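Have a look at final08.cif; it's mmCIF, C-alpha atoms:
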data_coords
#
loop_
_atom_site.label_atom_id
_atom_site.label_comp_id
_atom_site.auth_asym_id
_atom_site.auth_seq_id
_atom_site.Cartn_x
_atom_site.Cartn_y
_atom_site.Cartn_z
CA MET A 1 142.38 -62.12 143.52
CA HIS A 2 139.65 -59.71 142.44
CA VAL A 3 140.80 -56.16 141.88
CA ASN A 4 138.79 -53.18 143.10
CA ALA A 5 140.47 -50.31 141.32
CA SER A 6 139.30 -46.71 141.35
CA PRO A 7 138.70 -44.92 138.02
CA ALA A 8 141.96 -44.16 136.26
CA ALA A 9 143.13 -40.56 136.23
CA GLY A 10 142.88 -38.77 132.93
CA ILE A 11 140.01 -40.81 131.51
CA ARG A 12 137.59 -38.57 129.67
CA ARG A 13 134.13 -38.87 131.17
CA CYS A 14 131.11 -39.69 129.09
CA ARG A 15 129.89 -36.81 126.96
CA ASP A 16 126.33 -38.18 126.87
CA PRO A 17 125.42 -38.81 130.52
CA ALA A 18 121.74 -39.41 129.79
CA TYR A 19 122.75 -42.50 127.84
CA CYS A 20 125.78 -43.55 129.87
CA GLU A 21 123.95 -43.40 133.18
CA ARG A 22 122.64 -46.76 134.23
CA VAL A 23 119.59 -46.88 136.43
CA SER A 24 120.67 -48.64 139.62
CA ASP A 25 119.92 -52.30 140.18
CA ILE A 26 118.59 -53.24 136.76
CA ASP A 27 117.98 -56.96 136.56
CA TRP A 28 118.69 -57.76 132.92
CA GLY A 29 116.69 -60.94 133.28
CA GLN A 30 113.47 -58.97 133.69
CA GLY A 31 111.11 -58.52 130.79
CA THR A 32 112.07 -59.91 127.40
CA TYR A 33 115.68 -59.15 126.62
CA GLU A 34 115.54 -61.77 123.87
CA THR A 35 114.17 -59.23 121.36
CA THR A 36 117.11 -56.89 121.89
CA ALA A 37 119.51 -59.84 121.79
CA ALA A 38 118.18 -60.74 118.34
CA ASP A 39 118.79 -57.15 117.18
CA LEU A 40 122.38 -57.37 118.42
CA LEU A 41 123.16 -60.72 116.77
CA PRO A 42 124.84 -59.13 113.70
CA ALA A 43 127.25 -57.29 116.01
CA ALA A 44 127.91 -60.54 117.89
CA ARG A 45 128.89 -62.17 114.61
CA GLU A 46 131.23 -59.28 113.77
CA LEU A 47 132.78 -59.51 117.23
CA VAL A 48 133.40 -63.24 117.03
CA ASP A 49 134.75 -62.99 113.47
CA ALA A 50 137.17 -60.25 114.52
CA ALA A 51 138.46 -62.42 117.36
CA GLN A 52 139.80 -65.00 114.87
CA LEU A 53 139.19 -67.80 117.32
CA LYS A 54 141.15 -71.03 117.21
CA PRO A 55 139.67 -74.38 118.23
CA GLY A 56 140.40 -75.17 121.85
CA GLU A 57 140.96 -71.58 122.94
CA HIS A 58 139.30 -70.59 126.20
CA VAL A 59 136.88 -67.77 125.40
CA VAL A 60 135.16 -65.79 128.14
CA ASP A 61 131.98 -63.92 127.17
CA VAL A 62 131.41 -61.15 129.73
CA GLY A 63 127.79 -60.03 130.10
CA ALA A 64 126.67 -62.91 127.92
CA GLY A 65 122.96 -62.03 127.87
CA THR A 66 121.10 -64.78 126.02
CA GLY A 67 124.40 -66.22 124.78
CA ASN A 68 124.78 -64.78 121.27
CA VAL A 69 128.58 -64.51 121.46
CA ALA A 70 129.13 -67.57 123.65
CA LEU A 71 127.16 -69.85 121.31
CA LEU A 72 128.89 -68.54 118.18
CA ALA A 73 132.31 -69.02 119.78
CA ALA A 74 131.46 -72.55 120.92
CA ASP A 75 130.30 -73.44 117.42
CA LEU A 76 133.81 -72.54 116.20
CA GLY A 77 135.35 -75.08 118.55
CA ALA A 78 136.28 -72.76 121.40
CA ARG A 79 135.97 -73.75 125.05
CA VAL A 80 133.60 -71.07 126.31
CA THR A 81 132.69 -69.61 129.68
CA ALA A 82 129.64 -67.33 129.64
CA VAL A 83 129.63 -64.83 132.51
CA GLU A 84 126.16 -63.42 133.20
CA PRO A 85 124.72 -61.89 136.40
CA ALA A 86 121.01 -62.35 135.53
CA ALA A 87 119.77 -65.75 136.71
CA ARG A 88 117.03 -66.03 134.06
CA LEU A 89 119.44 -65.29 131.24
CA ARG A 90 121.88 -67.89 132.57
CA GLU A 91 119.05 -70.40 132.30
CA VAL A 92 118.37 -69.29 128.71
CA ILE A 93 122.00 -69.90 127.76
CA GLN A 94 122.10 -73.28 129.48
CA GLU A 95 118.92 -74.41 127.72
CA THR A 96 120.33 -73.39 124.33
CA ALA A 97 123.87 -74.66 124.81
CA GLY A 98 123.07 -78.33 124.31
CA ALA A 99 126.22 -80.40 123.90
CA ARG A 100 128.46 -77.40 123.20
CA ASP A 101 131.59 -76.93 125.29
CA LEU A 102 130.02 -74.01 127.14
CA THR A 103 129.97 -73.31 130.87
CA VAL A 104 127.65 -70.65 132.34
CA VAL A 105 128.68 -68.84 135.53
CA ASP A 106 127.29 -66.06 137.71
CA GLY A 107 129.50 -62.99 137.60
CA THR A 108 130.02 -59.42 136.44
CA ALA A 109 132.77 -57.60 134.57
CA ALA A 110 134.32 -56.59 137.90
CA SER A 111 133.92 -60.02 139.52
CA ILE A 112 134.66 -62.99 137.29
CA PRO A 113 134.85 -66.40 139.04
CA LEU A 114 137.83 -67.65 137.03
CA ARG A 115 141.49 -68.04 137.93
CA ASP A 116 144.22 -65.61 136.94
CA GLY A 117 145.43 -65.84 133.34
CA SER A 118 142.90 -68.51 132.35
CA ALA A 119 141.31 -66.85 129.30
CA ASP A 120 142.83 -66.76 125.83
CA VAL A 121 140.14 -64.40 124.55
CA ILE A 122 137.65 -62.15 126.36
CA LEU A 123 134.62 -60.88 124.44
CA SER A 124 131.88 -58.47 125.49
CA ASN A 125 129.05 -57.39 123.21
CA PHE A 126 127.54 -54.11 124.51
CA ALA A 127 127.94 -55.38 128.09
CA VAL A 128 131.12 -54.28 129.86
CA ILE A 129 130.16 -50.72 128.86
CA PHE A 130 127.58 -50.83 131.69
CA ALA A 131 130.19 -51.54 134.38
CA PRO A 132 129.77 -49.04 137.24
CA ASP A 133 133.56 -48.76 137.62
CA PRO A 134 135.28 -49.03 134.23
CA ALA A 135 138.80 -49.26 135.65
CA ALA A 136 137.81 -52.04 138.04
CA ALA A 137 136.15 -53.94 135.17
CA ILE A 138 139.21 -53.66 132.92
CA ALA A 139 141.50 -54.64 135.79
CA GLU A 140 139.39 -57.76 136.36
CA LEU A 141 139.31 -58.67 132.66
CA SER A 142 143.08 -58.24 132.57
CA ARG A 143 143.50 -60.45 135.63
CA VAL A 144 141.56 -63.27 134.00
CA ALA A 145 143.28 -62.83 130.61
CA ALA A 146 146.38 -64.84 129.73
CA PRO A 147 149.68 -63.00 129.09
CA THR A 148 149.21 -63.31 125.30
CA SER A 149 145.47 -62.74 125.28
CA ARG A 150 143.13 -60.42 123.42
CA ILE A 151 140.08 -58.52 124.59
CA LEU A 152 137.38 -57.44 122.13
CA LEU A 153 134.33 -55.36 122.96
CA THR A 154 131.59 -53.38 121.28
CA SER A 155 130.13 -50.04 122.39
CA TRP A 156 127.57 -47.65 120.93
CA LEU A 157 128.73 -44.48 119.23
CA PRO A 158 126.87 -41.26 120.12
CA GLY A 159 123.72 -40.89 118.08
CA VAL A 160 120.73 -43.16 117.66
CA MET A 161 120.78 -45.25 120.84
CA GLY A 162 121.91 -42.39 123.03
CA LYS A 163 119.16 -40.12 121.73
CA LEU A 164 116.44 -42.70 122.28
CA VAL A 165 117.53 -44.00 125.67
CA GLY A 166 118.19 -40.42 126.75
CA VAL A 167 114.47 -39.61 126.47
CA ILE A 168 113.71 -42.23 129.12
CA VAL A 169 116.73 -41.98 131.38
CA GLY A 170 116.67 -38.19 131.31
CA ALA A 171 113.08 -38.21 132.56
CA VAL A 172 113.94 -40.70 135.30
CA ARG A 173 116.81 -38.51 136.40
CA GLU A 174 114.47 -35.49 136.59
CA VAL A 175 111.97 -37.46 138.68
CA THR A 176 114.46 -39.10 141.05
CA GLY A 177 117.24 -36.52 141.17
CA GLN A 178 119.67 -39.33 140.38
CA ASN A 179 122.99 -38.02 139.06
CA PRO A 180 125.03 -39.60 136.26
CA ALA A 181 127.48 -42.21 137.50
CA ALA A 182 130.87 -40.61 138.11
CA GLY A 183 132.75 -43.56 136.67
CA ARG A 184 131.28 -43.37 133.19
CA ILE A 185 133.67 -43.00 130.28
CA ASP A 186 133.41 -42.77 126.52
CA TRP A 187 133.67 -46.49 125.77
CA HIS A 188 133.36 -45.64 122.09
CA ASP A 189 136.53 -43.50 122.20
CA PRO A 190 139.71 -45.49 121.35
CA ALA A 191 141.78 -42.97 123.33
CA ALA A 192 139.71 -43.60 126.47
CA LEU A 193 140.04 -47.35 125.96
CA THR A 194 143.80 -46.99 125.54
CA THR A 195 143.97 -45.07 128.82
CA LEU A 196 142.17 -47.95 130.54
CA LEU A 197 143.97 -50.84 128.87
CA ALA A 198 147.54 -49.63 128.32
CA PRO A 199 148.52 -49.98 132.01
CA HIS A 200 147.72 -53.69 131.65
CA GLY A 201 149.98 -54.07 128.62
CA TYR A 202 147.37 -53.84 125.87
CA GLN A 203 147.44 -52.00 122.56
CA VAL A 204 144.07 -50.95 121.18
CA THR A 205 142.83 -50.88 117.59
CA ALA A 206 139.27 -50.12 116.59
CA THR A 207 136.85 -49.93 113.71
CA THR A 208 133.40 -48.36 113.31
CA LEU A 209 130.54 -50.58 112.17
CA GLU A 210 126.77 -50.27 111.86
CA LEU A 211 123.77 -52.45 112.46
CA GLU A 212 120.21 -51.65 111.48
CA VAL A 213 117.13 -52.26 113.60
CA VAL A 214 113.86 -52.31 111.64
CA THR A 215 110.30 -52.35 113.01
CA PRO A 216 106.94 -51.85 111.26
CA SER A 217 106.21 -48.63 113.16
CA ALA A 218 107.31 -46.35 115.99
CA GLU A 219 104.63 -47.88 118.22
CA SER A 220 105.94 -51.35 117.44
CA TYR A 221 109.45 -50.28 118.43
CA TRP A 222 108.16 -48.94 121.76
CA ASP A 223 106.14 -52.09 122.47
CA THR A 224 108.77 -54.66 121.47
CA ARG A 225 112.09 -52.93 122.28
CA ILE A 226 111.27 -50.60 125.18
CA ALA A 227 108.16 -51.48 127.18
CA ASN A 228 109.30 -55.02 127.99
CA HIS A 229 113.04 -54.36 127.91
CA PRO A 230 114.77 -54.53 131.33
CA LEU A 231 115.23 -50.76 131.22
CA GLY A 232 111.51 -50.24 130.62
CA VAL A 233 110.47 -52.75 133.26
CA THR A 234 112.68 -50.94 135.76
CA THR A 235 111.85 -47.34 134.89
CA PHE A 236 108.20 -47.35 133.80
CA PRO A 237 106.81 -47.75 137.34
CA ILE A 238 108.91 -44.74 138.43
CA LEU A 239 107.67 -42.64 135.53
CA GLU A 240 104.05 -43.77 135.89
CA GLN A 241 103.99 -42.95 139.60
CA ALA A 242 105.31 -39.47 138.78
CA GLY A 243 102.69 -39.02 136.06
CA ARG A 244 105.37 -38.80 133.37
CA LEU A 245 105.07 -42.06 131.44
CA ASP A 246 102.56 -40.88 128.82
CA ASP A 247 104.65 -37.78 128.11
CA VAL A 248 107.84 -39.82 127.80
CA ARG A 249 106.14 -42.27 125.44
CA ALA A 250 104.87 -39.39 123.27
CA ARG A 251 108.32 -37.77 123.11
CA PHE A 252 109.96 -41.12 122.35
CA LEU A 253 107.57 -41.85 119.48
CA GLN A 254 107.99 -38.31 118.15
CA THR A 255 111.77 -38.74 118.19
CA LEU A 256 111.42 -41.90 116.13
CA ASP A 257 108.97 -40.25 113.73
CA ASP A 258 111.13 -37.16 113.25
CA ASN A 259 114.39 -39.00 112.64
CA TRP A 260 114.05 -42.62 111.56
CA THR A 261 110.54 -43.28 110.21
CA ASP A 262 110.05 -43.51 106.45
CA THR A 263 106.99 -42.59 104.40
CA THR A 264 105.45 -46.04 104.95
CA GLY A 265 105.68 -45.66 108.73
CA GLN A 266 108.48 -48.19 109.02
CA VAL A 267 111.28 -47.44 111.49
CA ARG A 268 114.87 -48.02 110.38
CA LEU A 269 117.53 -47.29 112.98
CA PRO A 270 121.10 -47.12 111.63
CA ALA A 271 122.99 -47.61 114.90
CA GLN A 272 126.76 -47.15 114.67
CA TYR A 273 129.09 -48.85 117.11
CA LEU A 274 132.78 -49.31 117.82
CA LEU A 275 134.45 -52.72 117.72
CA ALA A 276 137.67 -52.46 119.72
CA THR A 277 140.44 -55.05 119.88
CA ALA A 278 143.08 -55.00 122.61
CA THR A 279 146.11 -57.26 122.31
CA ARG A 280 149.22 -57.84 124.37
#
Could you spell out this file's structure in structure tokens?
Amino acid sequence: MHVNASPAAGIRRCRDPAYCERVSDIDWGQGTYETTAADLLPAARELVDAAQLKPGEHVVDVGAGTGNVALLAADLGARVTAVEPAARLREVIQETAGARDLTVVDGTAASIPLRDGSADVILSNFAVIFAPDPAAAIAELSRVAAPTSRILLTSWLPGVMGKLVGVIVGAVREVTGQNPAAGRIDWHDPAALTTLLAPHGYQVTATTLELEVVTPSAESYWDTRIANHPLGVTTFPILEQAGRLDDVRARFLQTLDDNWTDTTGQVRLPAQYLLATATR
């Protein structure tokens, strides 16, 4: 049975709504998400290592993207189900999986097509944090998780990614009048995660880690990480129609230059994130 829970009372809402707001109806299969997936591979490795997987365990990768986590888990002998709503990305995973024990299914964090208690481990690398209803997503993960399971997820800490994405999403919000999603929470806050997970019998521990994204220049970052990213593909037509795209690009590049560009012009983004582990 799929659970449609309302946001839990007492959960602290996101302090950075420009970042936490998700533009409606993004198809993460648009554009070239593969570049971002490559940037996130070090975090995927940390996530899988922290899970301490055992051969034969059933691992569910929620919001699998191009399959970073799912492939790593399968290579360790786990039986893996990759849950991904974007049809193109499901095809990418299937093409890469080869003979691995890896099944790819269509689903979201709040609607996973697996039976109750069937997962030994649930992993999500910067994915479940985009769930429109956090409580519903956690309720669904908990439904699928076995009684002695563990859930591990990563989420961005306030700072680099929030500041950059905020330039774009803030402008879209000004143009469209779209308000931040009411269900957003601070996924990077262990206390907020405890509020979500404790009712399902989980205890939460967390650690702060960092990954670095490097590009030859600010313009290169815009071209390879933003313009053809699903967020860019979705929002650029809105901004261009409103006559705002050139201004947003200029402010984005200036933000990179002012904060993370060295004397050679190279961009080095030190993005901190939380790796949370919930056990029961």
Since I can't run it myself right now, could you work out what the PyMOL selection byres ((chain A and resi 137-150) around 8) selects here and report it as number ranges by chain? A: 2-5, 51, 109-112, 114-122, 128, 131, 133-136, 151-152, 196-197, 200, 277-280
Please report the interatomic distance between atom CA of Pro158 of chain A and atom CA of Ala242 of chain A in Å with one decimal. 28.6 Å
Applying the PyMOL selection byres ((chain A and resi 244-256) around 7) to the file I just gave you, which residues come out? Please list them as a list in words.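 Applied to this file, the PyMOL selection byres ((chain A and resi 244-256) around 7) selects Leu164, Val167, Ile168, Ala218, Glu219, Phe236, Leu239, Glu240, Ala242, Gly243, Asp257, Asp258, Asn259, Trp260 and Thr261 of chain A.
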Output C-alpha atoms for every residue in the selection just made, as a PDB file, in the frame of the given file.
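Ended up saving to out27.pdb:
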ATOM      1  CA  LEU A 164     116.440 -42.700 122.280  1.00  0.00           C
ATOM      2  CA  VAL A 167     114.470 -39.610 126.470  1.00  0.00           C
ATOM      3  CA  ILE A 168     113.710 -42.230 129.120  1.00  0.00           C
ATOM      4  CA  ALA A 218     107.310 -46.350 115.990  1.00  0.00           C
ATOM      5  CA  GLU A 219     104.630 -47.880 118.220  1.00  0.00           C
ATOM      6  CA  PHE A 236     108.200 -47.350 133.800  1.00  0.00           C
ATOM      7  CA  LEU A 239     107.670 -42.640 135.530  1.00  0.00           C
ATOM      8  CA  GLU A 240     104.050 -43.770 135.890  1.00  0.00           C
ATOM      9  CA  ALA A 242     105.310 -39.470 138.780  1.00  0.00           C
ATOM     10  CA  GLY A 243     102.690 -39.020 136.060  1.00  0.00           C
ATOM     11  CA  ASP A 257     108.970 -40.250 113.730  1.00  0.00           C
ATOM     12  CA  ASP A 258     111.130 -37.160 113.250  1.00  0.00           C
ATOM     13  CA  ASN A 259     114.390 -39.000 112.640  1.00  0.00           C
ATOM     14  CA  TRP A 260     114.050 -42.620 111.560  1.00  0.00           C
ATOM     15  CA  THR A 261     110.540 -43.280 110.210  1.00  0.00           C
TER      16      THR A 261
END
Picked residues, the PyMOL selection byres ((chain A and resi 37) around 9), expected as number ranges by chain: A: 33-36, 38-41, 65-68
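Straight-line separation from atom CA of Gly265 of chain A to atom CA of Val165 of chain A: 20.7 Å.
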Using only C-alpha atoms, find the one residue out of A:Ala70, A:Ala276, A:Ala50, A:Ile93 that sits nearest to Tyr202 of chain A.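 Of all the options, A:Ala276 lies closest to Tyr202 of chain A.
The gap separating atom CA of Leu72 of chain A from atom CA of Asn228 of chain A is 25.7 Å, in Å to one decimal.
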Output, as JSON, the centre and edge lengths in Å (one decimal) of the axis-aligned box that contains all listed atoms of segment 58-61 of chain A with 5 Å of margin on each side.
{"center_x": 135.6, "center_y": -67.3, "center_z": 126.8, "size_x": 17.3, "size_y": 16.7, "size_z": 12.7}
From A:Gln94, A:Thr32, A:Thr176, A:Ser220, residue lying nearest Leu71 of chain A [only C-alpha atoms]: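 Looking only at the distances to Leu71 of chain A, the closest residue turns out to be A:Gln94.
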Using only C-alpha atoms, find the one residue out of A:Asp262, A:Asp106, A:Glu84, A:Asp27 that sits nearest to Pro216 of chain A.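 Closest residue, counting only C-alpha atoms: A:Asp262.
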Test item: residues at most 7 Å from segment 209-214 of chain A, all atoms listed in the file, excluding those fewer than 5 positions along its chain, as a PDB file with C-alpha atoms, in the frame of the given file:
ATOM      1  CA  ASP A  39     118.790 -57.150 117.180  1.00  0.00           C
ATOM      2  CA  PRO A  42     124.840 -59.130 113.700  1.00  0.00           C
ATOM      3  CA  ALA A  43     127.250 -57.290 116.010  1.00  0.00           C
ATOM      4  CA  VAL A 267     111.280 -47.440 111.490  1.00  0.00           C
ATOM      5  CA  ARG A 268     114.870 -48.020 110.380  1.00  0.00           C
ATOM      6  CA  LEU A 269     117.530 -47.290 112.980  1.00  0.00           C
ATOM      7  CA  PRO A 270     121.100 -47.120 111.630  1.00  0.00           C
ATOM      8  CA  ALA A 271     122.990 -47.610 114.900  1.00  0.00           C
ATOM      9  CA  GLN A 272     126.760 -47.150 114.670  1.00  0.00           C
ATOM     10  CA  TYR A 273     129.090 -48.850 117.110  1.00  0.00           C
ATOM     11  CA  LEU A 274     132.780 -49.310 117.820  1.00  0.00           C
TER      12      LEU A 274
END
